[in-house]
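Below is one structure; the comments refer to it alone.
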Amino acid sequence: MPVPSSLDPDRLLPGDPAALPVARALYEQIADAPIISPHGHVPAQLLLDDERFGDPASLFVSPDHYITRQLHALGVPLEALDTGRGADPGEVWRILAGQMHAFAGTASSYWLREELAAFGIDGELTAANADEIFDAVSARLREPEYRPRALFERFHITVLATTDDPLDPLDAHRALRDDSAFVGRVVPTFRPDAYIDPAAPGFLDNVERLLAATSCLATFTGYLTALRQRREHFIRHGAVSVDVGVAEATTLDLDAAEAGRLFQQVLACSATRAEQAAFRAHLLLQLAAMSVEDGLVLTVHAGVHRNHSTLTYERFGPDTGHDIPIRTSFTRELKPLLDRFGLEPGFHLILFTVDETAYSRELAPLAGFYPSVYIGAPWWFLDAPDAILRWRAAITETAGFYRTSGFVDDTRAFLSIPVRHDVARRTDAAFLARYVQQGRIAPSTAERIAADLIDAIPRTAFKL
Amino acid sequence: MPVPSSLDPDRLLPGDPAALPVARALYEQIADAPIISPHGHVPAQLLLDDERFGDPASLFVSPDHYITRQLHALGVPLEALDTGRGADPGEVWRILAGQMHAFAGTASSYWLREELAAFGIDGELTAANADEIFDAVSARLREPEYRPRALFERFHITVLATTDDPLDPLDAHRALRDDSAFVGRVVPTFRPDAYIDPAAPGFLDNVERLLAATSCLATFTGYLTALRQRREHFIRHGAVSVDVGVAEATTLDLDAAEAGRLFQQVLACSATRAEQAAFRAHLLLQLAAMSVEDGLVLTVHAGVHRNHSTLTYERFGPDTGHDIPIRTSFTRELKPLLDRFGLEPGFHLILFTVDETAYSRELAPLAGFYPSVYIGAPWWFLDAPDAILRWRAAITETAGFYRTSGFVDDTRAFLSIPVRHDVARRTDAAFLARYVQQGRIAPSTAERIAADLIDAIPRTAFKL
Amino acid sequence: MPVPSSLDPDRLLPGDPAALPVARALYEQIADAPIISPHGHVPAQLLLDDERFGDPASLFVSPDHYITRQLHALGVPLEALDTGRGADPGEVWRILAGQMHAFAGTASSYWLREELAAFGIDGELTAANADEIFDAVSARLREPEYRPRALFERFHITVLATTDDPLDPLDAHRALRDDSAFVGRVVPTFRPDAYIDPAAPGFLDNVERLLAATSCLATFTGYLTALRQRREHFIRHGAVSVDVGVAEATTLDLDAAEAGRLFQQVLACSATRAEQAAFRAHLLLQLAAMSVEDGLVLTVHAGVHRNHSTLTYERFGPDTGHDIPIRTSFTRELKPLLDRFGLEPGFHLILFTVDETAYSRELAPLAGFYPSVYIGAPWWFLDAPDAILRWRAAITETAGFYRTSGFVDDTRAFLSIPVRHDVARRTDAAFLARYVQQGRIAPSTAERIAADLIDAIPRTAFKL
């Protein structure tokens, strides 16, 4: 998509004059290529309804917990940022504009600048021009070419995966597919966390609804059958993957009797914390078993302590900016799962972490042996230029480029999709150019890798 | 301060020709600005007495455990380096000079070169010129402009924090403040480690002296009151912060009865190791509670195994170069404290670590949500150019520049203060220049940040 | 050794035009210097027999688990890569050639290109030229100058350490030493893992054979004596070091009675897992005690989960590419050992890890105090250009260059020795050049360090 002239065309490319022209050439080769977004949180309904977006604050600030968390850290109460709770959009925008210097260097500030550039805003957002930019963006948002479907097309998105509740009927997905006026591919993703973690809020109720919806018995076998049936429903609606978020990647292989006993304890609320953990660990292994059967790619996002601030959670609910990473490891944790399924042809397990220490120590060695294991793109706090380069440097010397997932934006912010992919393309071009300049990769190989990173590699990993 | 011509004016700035002029301009803007030193270990008495320093070995070698530890690793016994135990200063200096190649690349060798430069020594210290440099520095040390107060002024130090025992009457601080001939601001810091860790040598005796000094009862309530009274004494003498060093950052919220029971067990020497740990964890939470009340900033230095070599500790005591870092994490450890006080207006908690893994994984996400949490500057072994750049790269993309403490020299070596701050200024200029060159930060924003990093940011974090 | 013109002479050197000429000069100074290889896995028999190598696949693919693991990850069954199990060499070579793009950026692809260059192969291996290169290399392998001894000489290897079973009679070493036609120094290394880990396959049998071979009693004292006697045998055959691989670096100081009791439990197969771990931890301390006595350097390779894939281990045995690192720490683990022996004159303990987090946190601080502790070169997955630079950056600011082991190739692949050392020399030149360019190390000091890194430093650490 065209951007105003104030953005440096070489941004994020290396300063080193020997590497810069190589990086430029690699980037130009892929800059405008279609976007594959195989994992994210944009709802299908957004594209089905194709309603115009609201004001700039409701679009860029209130729902973006990358931005609200930083403003909160800078002393702004969350309620003052939430247009859905009555905060004035113009005032919310002014608060953000007045704090932009405190965002300098963050991924959010980089994304925001380019998102505004897509609205024709040229230059920095400041306290002085806050109202002017608010009005300019507001005016654009009323134009038809800033509606979701028009943007979807302008962004060149060829595949967009959503993330969905296992009991979601997926009506929006079906309607989108049936809508001849919409040409993109939008696929659901099965996200069973709330149905497999006994410590999740509403777990018992969720299981009950799951069993009722599938007419399965309240036995462990029935429960697994119910999950399988819902996966089938997702597959029929185009799903290619199952996603699960876990604090720890522990897996456990139990025999049927023991698993059944645990399930009844969990249902009876008599499971200890250790038994709850055992249940979760066994379920992760069962999800892998199902993926071996039905072919859905299993993606695991590990190592986040969700809802760290109890008070904030009670007042504002989940996804409000205080999910904090913890130490994460995989080698011993995944051994039971990989001993069972690691060598299964066609099984794909993509591992994401927010603990960088696992990159060279565990993820690259695991993906450098098991054909099923793929290294997930840098996730969450690590989806930023320096962090992406650290990730590449940590994994490539062991596992190369072809044992990775391809870039994953994982975003709720529809408008940030192009800039996030553009950052990945620029940083990958910079990384490849350095290896070319250092005589480590032939220029023609670098060209092939650059092209594959945005197409063949995610298509392979996610079976697209 | 002026330095001889042999030092490259662009040292530590980027080699990249695109970034170098930007870095130069940013550095020049802040190179000679006043120094704020909000945490360190220089005693107030040094400035009160204003006596001239001794010989070069007693000044630069014997008391600097960064240098003695490396010489010890190279095979020199500690006693051979200690002029206080009778080692000949000239011989100590010769030992150091003969090993300078083995210091190459270390922070210590960088600092030493610049400290010698401040004495007009131009070039490398070598075995060949050891005696000549010894004599030249010795001659300078007899001149009045190399006395502590003259240097304090020449260094442009505007604030210097010391670190003090809770029972210190702070006479030196009071006398300095009352001395009209001294214009600097020297503030004490309350460091209660020896009074709150049941495993610390002399703990029981310390608590007894604390209670006696404050006429408080030997109950947990009395003990807390005693600590509060001593904090008030520090506040009256200008203190802005409390500093605590812990092996683990674990915190624990106990009810009064349980805490009281633990305290009595600790006093009776009947506490198990687990109970001692629980006591420490609860005390860290109580220190936060006191900071919420009295406004003192709470700084936590976590993750060091003190006095690793038992034999060396028995012969030479603490702070002799064998404090070794251990794995450190904060997310789960600090949850009880942050659930109680993390959102309290005005509460400041600055977190320091020597485990780099916590930077992007925990510190930046915590400081990117909790308004109370600040990311401490790179500490101890990590206070060096490459390590500082790694720290910036690890935290900035998540938390920006304004959720940090500003540079902290944390030094016992008064003469090293300017070079340590200069290293931080140069590396920050290099880091900012890279972001400007990559199109990530506008030049004007980088200028503002560079200025704020040495003034507004530490003043905010430390409430100066 | 001469390489074809297609290899960039500046490969791996910095792109930064200010640092490049400095790096070039430093590299040229050491490029052709003799190789010291103080730890590795090339068998002495190879040089004794001096038989010509087989075909290119049997030489470069089948025995190299760095390459077979990656091909396995890319979907190729291990049996299809094993010429020893009947796979056709030409077909194996074609498989590799067809996947070279998926090796791009890995250490293996870098090494392979240079190893082929030593055979006069100029350019990239591709599917199109696979057969041609196979034939060209095959032809060379029939020439006398490609036999092991001719290559040993051409590689300029002055010292080569092998790794050997404690009961190995070391006949090949003796014969080589007695062979006046062979002028190199080939020394054995005592590797007792299978005799000291109760969980190792065949442990009891190994201990029985050890006791029988040395006529020692089946008591703990007898067992230690047997180990000592075998070490003496190794010393008589030129050994300078003992190597041990452990999952965790835990050490434990037990009194004789307790150790004896544990030993009997281990022999009776009645030891619990915790008791087995205690036995291992105590044995590591005992190995240090023996090194203090007999002077052998103790090298510890810590933190690898061996044989992660049970199925693969059962079918293909150990060393088949699925040894995966785990979190590793040393500070608390080594305290019992270092409290006993850390200050012993002449004791050398070299620590290797595949967990990068230990570099700045533990290894540099330990080696920056204890005269016995040396930081091992980047090991295994981390023996690659970017990883080596990260290692240097992480340790140098604390411990300098002289507390390290010097480069260690640790390879089974004889032909890869020169390129592995060349990579280390190039990356060290690049690192030193950066420090020179940044004004942190004087050019003359950098020259001395570059020379010492390939000679004085490994000779000191390994007592050569």
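In the structure tokens, the first chain shown is A, the next is B, and so on; residue numbers restart at 1 for each chain, and ligands run from 1 in the order shown.
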Per-residue nearest contacts of chain B to chain A (7 Å; only C-alpha atoms) as JSON lines:
```
{"residue": "B:Asp16", "atom": "CA", "partner": "A:Asp16", "partner_atom": "CA", "distance": 5.6}
{"residue": "B:Ala18", "atom": "CA", "partner": "A:Gly15", "partner_atom": "CA", "distance": 5.9}
{"residue": "B:Thr331", "atom": "CA", "partner": "A:Ile326", "partner_atom": "CA", "distance": 6.3}
{"residue": "B:Lys335", "atom": "CA", "partner": "A:His308", "partner_atom": "CA", "distance": 7.0}
{"residue": "B:Asp339", "atom": "CA", "partner": "A:Ser309", "partner_atom": "CA", "distance": 5.8}
{"residue": "B:Thr357", "atom": "CA", "partner": "A:Thr357", "partner_atom": "CA", "distance": 6.7}
{"residue": "B:Arg361", "atom": "CA", "partner": "A:Pro325", "partner_atom": "CA", "distance": 5.5}
{"residue": "B:Glu362", "atom": "CA", "partner": "A:Pro325", "partner_atom": "CA", "distance": 5.9}
{"residue": "B:Pro365", "atom": "CA", "partner": "A:Ile324", "partner_atom": "CA", "distance": 5.9}
{"residue": "B:Leu366", "atom": "CA", "partner": "A:Ile324", "partner_atom": "CA", "distance": 6.7}
{"residue": "B:Ala367", "atom": "CA", "partner": "A:Ala73", "partner_atom": "CA", "distance": 6.6}
{"residue": "B:Gly368", "atom": "CA", "partner": "A:Gln70", "partner_atom": "CA", "distance": 5.1}
{"residue": "B:Phe369", "atom": "CA", "partner": "A:Ala73", "partner_atom": "CA", "distance": 4.6}
{"residue": "B:Tyr370", "atom": "CA", "partner": "A:Ala73", "partner_atom": "CA", "distance": 4.9}
{"residue": "B:Pro371", "atom": "CA", "partner": "A:Ala73", "partner_atom": "CA", "distance": 3.9}
{"residue": "B:Ala393", "atom": "CA", "partner": "A:Asp386", "partner_atom": "CA", "distance": 6.5}
{"residue": "B:Thr396", "atom": "CA", "partner": "A:Gly105", "partner_atom": "CA", "distance": 5.9}
{"residue": "B:Glu397", "atom": "CA", "partner": "A:Thr106", "partner_atom": "CA", "distance": 3.8}
{"residue": "B:Thr398", "atom": "CA", "partner": "A:Thr106", "partner_atom": "CA", "distance": 5.5}
{"residue": "B:Ala399", "atom": "CA", "partner": "A:Thr106", "partner_atom": "CA", "distance": 6.6}
{"residue": "B:Gly400", "atom": "CA", "partner": "A:Thr106", "partner_atom": "CA", "distance": 5.5}
{"residue": "B:Phe401", "atom": "CA", "partner": "A:Ala102", "partner_atom": "CA", "distance": 6.5}
{"residue": "B:Tyr402", "atom": "CA", "partner": "A:Ala102", "partner_atom": "CA", "distance": 5.6}
{"residue": "B:Gln438", "atom": "CA", "partner": "A:Leu12", "partner_atom": "CA", "distance": 4.7}
{"residue": "B:Gly439", "atom": "CA", "partner": "A:Arg11", "partner_atom": "CA", "distance": 4.7}
{"residue": "B:Arg440", "atom": "CA", "partner": "A:Gly105", "partner_atom": "CA", "distance": 6.5}
{"residue": "B:Ile441", "atom": "CA", "partner": "A:Ala104", "partner_atom": "CA", "distance": 6.2}
{"residue": "B:Thr445", "atom": "CA", "partner": "A:His101", "partner_atom": "CA", "distance": 6.5}
```
request  = Would you please give, as JSON, numbers by chain, all residues of segment 182-283 of chain C that DSSP assigns to alpha helix (DSSP H) based on the backbone?
outcome  = {"C": [193, 194, 195, 196, 203, 204, 205, 206, 207, 208, 209, 210, 211, 212, 213, 214, 220, 221, 222, 223, 224, 225, 226, 227, 228, 229, 230, 231, 232, 233, 234, 235, 236, 256, 257, 258, 259, 260, 261, 262, 263, 264, 265, 266, 267, 273, 274, 275, 276, 277, 278, 279, 280, 281, 282, 283]}
request  = Using only C-alpha atoms, determine which residues lie at most 9 Å from Pro336 of chain A, disregarding the query and same-chain residues fewer than 5 positions distant; provide the list as a list in words.
outcome  =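 In the requested format, the answer is Thr250, Thr251, Leu252, Asp253, Leu285 and Phe341 of chain A.
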May I have the selected residues written with C-alpha atoms, as a short mmCIF file (atom, residue, chain, number, x, y, z; two decimals), in the first residue's frame?
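Contents of out16.cif, freshly written:
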```cif
data_model
loop_
_atom_site.label_atom_id
_atom_site.label_comp_id
_atom_site.auth_asym_id
_atom_site.auth_seq_id
_atom_site.Cartn_x
_atom_site.Cartn_y
_atom_site.Cartn_z
CA THR A 250 4.22 -29.77 30.08
CA THR A 251 2.75 -32.89 28.52
CA LEU A 252 1.83 -36.17 30.12
CA ASP A 253 0.94 -39.56 28.71
CA LEU A 285 -0.98 -34.61 24.47
CA PHE A 341 3.83 -38.22 17.90
#
```
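Here atom CA of Asn206 of chain B stands at a distance of 7.0 Å from atom CA of Ala194 of chain B.
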ask   = What does the distance between atom CA of Thr404 of chain A and atom CA of Ile457 of chain A come to in Å, to one decimal place?
value = 7.2 Å
inquiry  = I'd like the neighbourhood of Leu298 of chain B as a list in words, where a residue qualifies if any of its atoms comes within 10 Å (using only C-alpha atoms), though same-chain residues fewer than 6 positions away should be ignored.
reply    = Phe190, Val240, Ser241, Val242, Asp243, Val244, Leu284, Leu287, Ala288, Met290, Ser291, Val292, Phe347, His348, Leu349, Ile350, Leu351, Ser372, Val373 and Phe462 of chain B
ask   = What does the distance from atom CA of Gly90 of chain A to atom CA of Gly120 of chain A come to in Å, to one decimal?
value =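 We find that atom CA of Gly90 of chain A and atom CA of Gly120 of chain A lie 19.1 Å from each other.
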message = Give me, as a PyMOL selection string, all polymer residues having an atom no more than 12 Å from Asp165 of chain B, counting only C-alpha atoms and skipping those fewer than 3 positions away in the same chain.
response = chain B and resi 41+43+162+168-170+188-195+206+209-210+227+230-231+233-234+242-244
task = If you run DSSP over the backbone, which residues in segment 321-384 of chain C end up strand (DSSP E)? Put them as a list in words.
result = Ile324, Pro325, Leu349, Ile350, Leu351, Phe352, Thr353, Val373, Tyr374 and Ile375 of chain C
Expected file contents, prior selection, N, CA and C atoms, as a PDB file, in the first residue's frame:
```pdb
ATOM      1  N   ILE C 324      19.135 -32.713  23.065  1.00  0.00           N
ATOM      2  CA  ILE C 324      18.532 -31.377  23.093  1.00  0.00           C
ATOM      3  C   ILE C 324      18.927 -30.682  24.399  1.00  0.00           C
ATOM      4  N   PRO C 325      19.379 -29.436  24.312  1.00  0.00           N
ATOM      5  CA  PRO C 325      19.784 -28.716  25.529  1.00  0.00           C
ATOM      6  C   PRO C 325      18.626 -28.447  26.493  1.00  0.00           C
ATOM      7  N   LEU C 349      39.453 -26.057  35.648  1.00  0.00           N
ATOM      8  CA  LEU C 349      38.089 -26.541  35.421  1.00  0.00           C
ATOM      9  C   LEU C 349      37.498 -25.721  34.276  1.00  0.00           C
ATOM     10  N   ILE C 350      37.232 -26.369  33.137  1.00  0.00           N
ATOM     11  CA  ILE C 350      36.729 -25.618  31.975  1.00  0.00           C
ATOM     12  C   ILE C 350      35.254 -25.962  31.788  1.00  0.00           C
ATOM     13  N   LEU C 351      34.412 -24.919  31.773  1.00  0.00           N
ATOM     14  CA  LEU C 351      32.963 -25.120  31.783  1.00  0.00           C
ATOM     15  C   LEU C 351      32.348 -24.809  30.418  1.00  0.00           C
ATOM     16  N   PHE C 352      31.635 -25.792  29.876  1.00  0.00           N
ATOM     17  CA  PHE C 352      30.955 -25.640  28.587  1.00  0.00           C
ATOM     18  C   PHE C 352      29.443 -25.725  28.805  1.00  0.00           C
ATOM     19  N   THR C 353      28.710 -24.943  28.027  1.00  0.00           N
ATOM     20  CA  THR C 353      27.253 -24.974  28.146  1.00  0.00           C
ATOM     21  C   THR C 353      26.612 -24.741  26.793  1.00  0.00           C
ATOM     22  N   VAL C 373      38.802 -21.630  37.248  1.00  0.00           N
ATOM     23  CA  VAL C 373      37.683 -21.734  36.309  1.00  0.00           C
ATOM     24  C   VAL C 373      38.001 -21.034  34.985  1.00  0.00           C
ATOM     25  N   TYR C 374      37.820 -21.747  33.899  1.00  0.00           N
ATOM     26  CA  TYR C 374      37.949 -21.196  32.553  1.00  0.00           C
ATOM     27  C   TYR C 374      36.605 -21.321  31.832  1.00  0.00           C
ATOM     28  N   ILE C 375      36.313 -20.325  31.005  1.00  0.00           N
ATOM     29  CA  ILE C 375      35.066 -20.341  30.231  1.00  0.00           C
ATOM     30  C   ILE C 375      35.319 -21.108  28.942  1.00  0.00           C
TER      31      ILE C 375
END
```
key: Which residue of C:Thr299, C:Thr225, C:Gln29, C:Thr272 approaches Ser405 of chain C most closely, using only C-alpha atoms   =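 So, comparing all the options, the nearest one is C:Thr299.
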ask   = Of the candidates B:Ala268, B:Val423, B:Ala239, B:Ala456, which shows the shortest atom-to-atom distance to Ala31 of chain B, using only C-alpha atoms?
value = B:Val423
query = Got a sec: who's within 7 Å of Asp50 of chain B, counting only C-alpha atoms, leaving out chain neighbours fewer than 6 positions off, as a list in words?
reply =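 Within the cut-off, the hits are Arg147, Pro148 and Arg149 of chain B.
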message = I'd like to know which of A:Gly98, A:Pro63, A:Pro34, A:Pro418 is closest to Asp82 of chain A, using only C-alpha atoms.
response =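 Smallest distance to Asp82 of chain A is found for A:Pro63.
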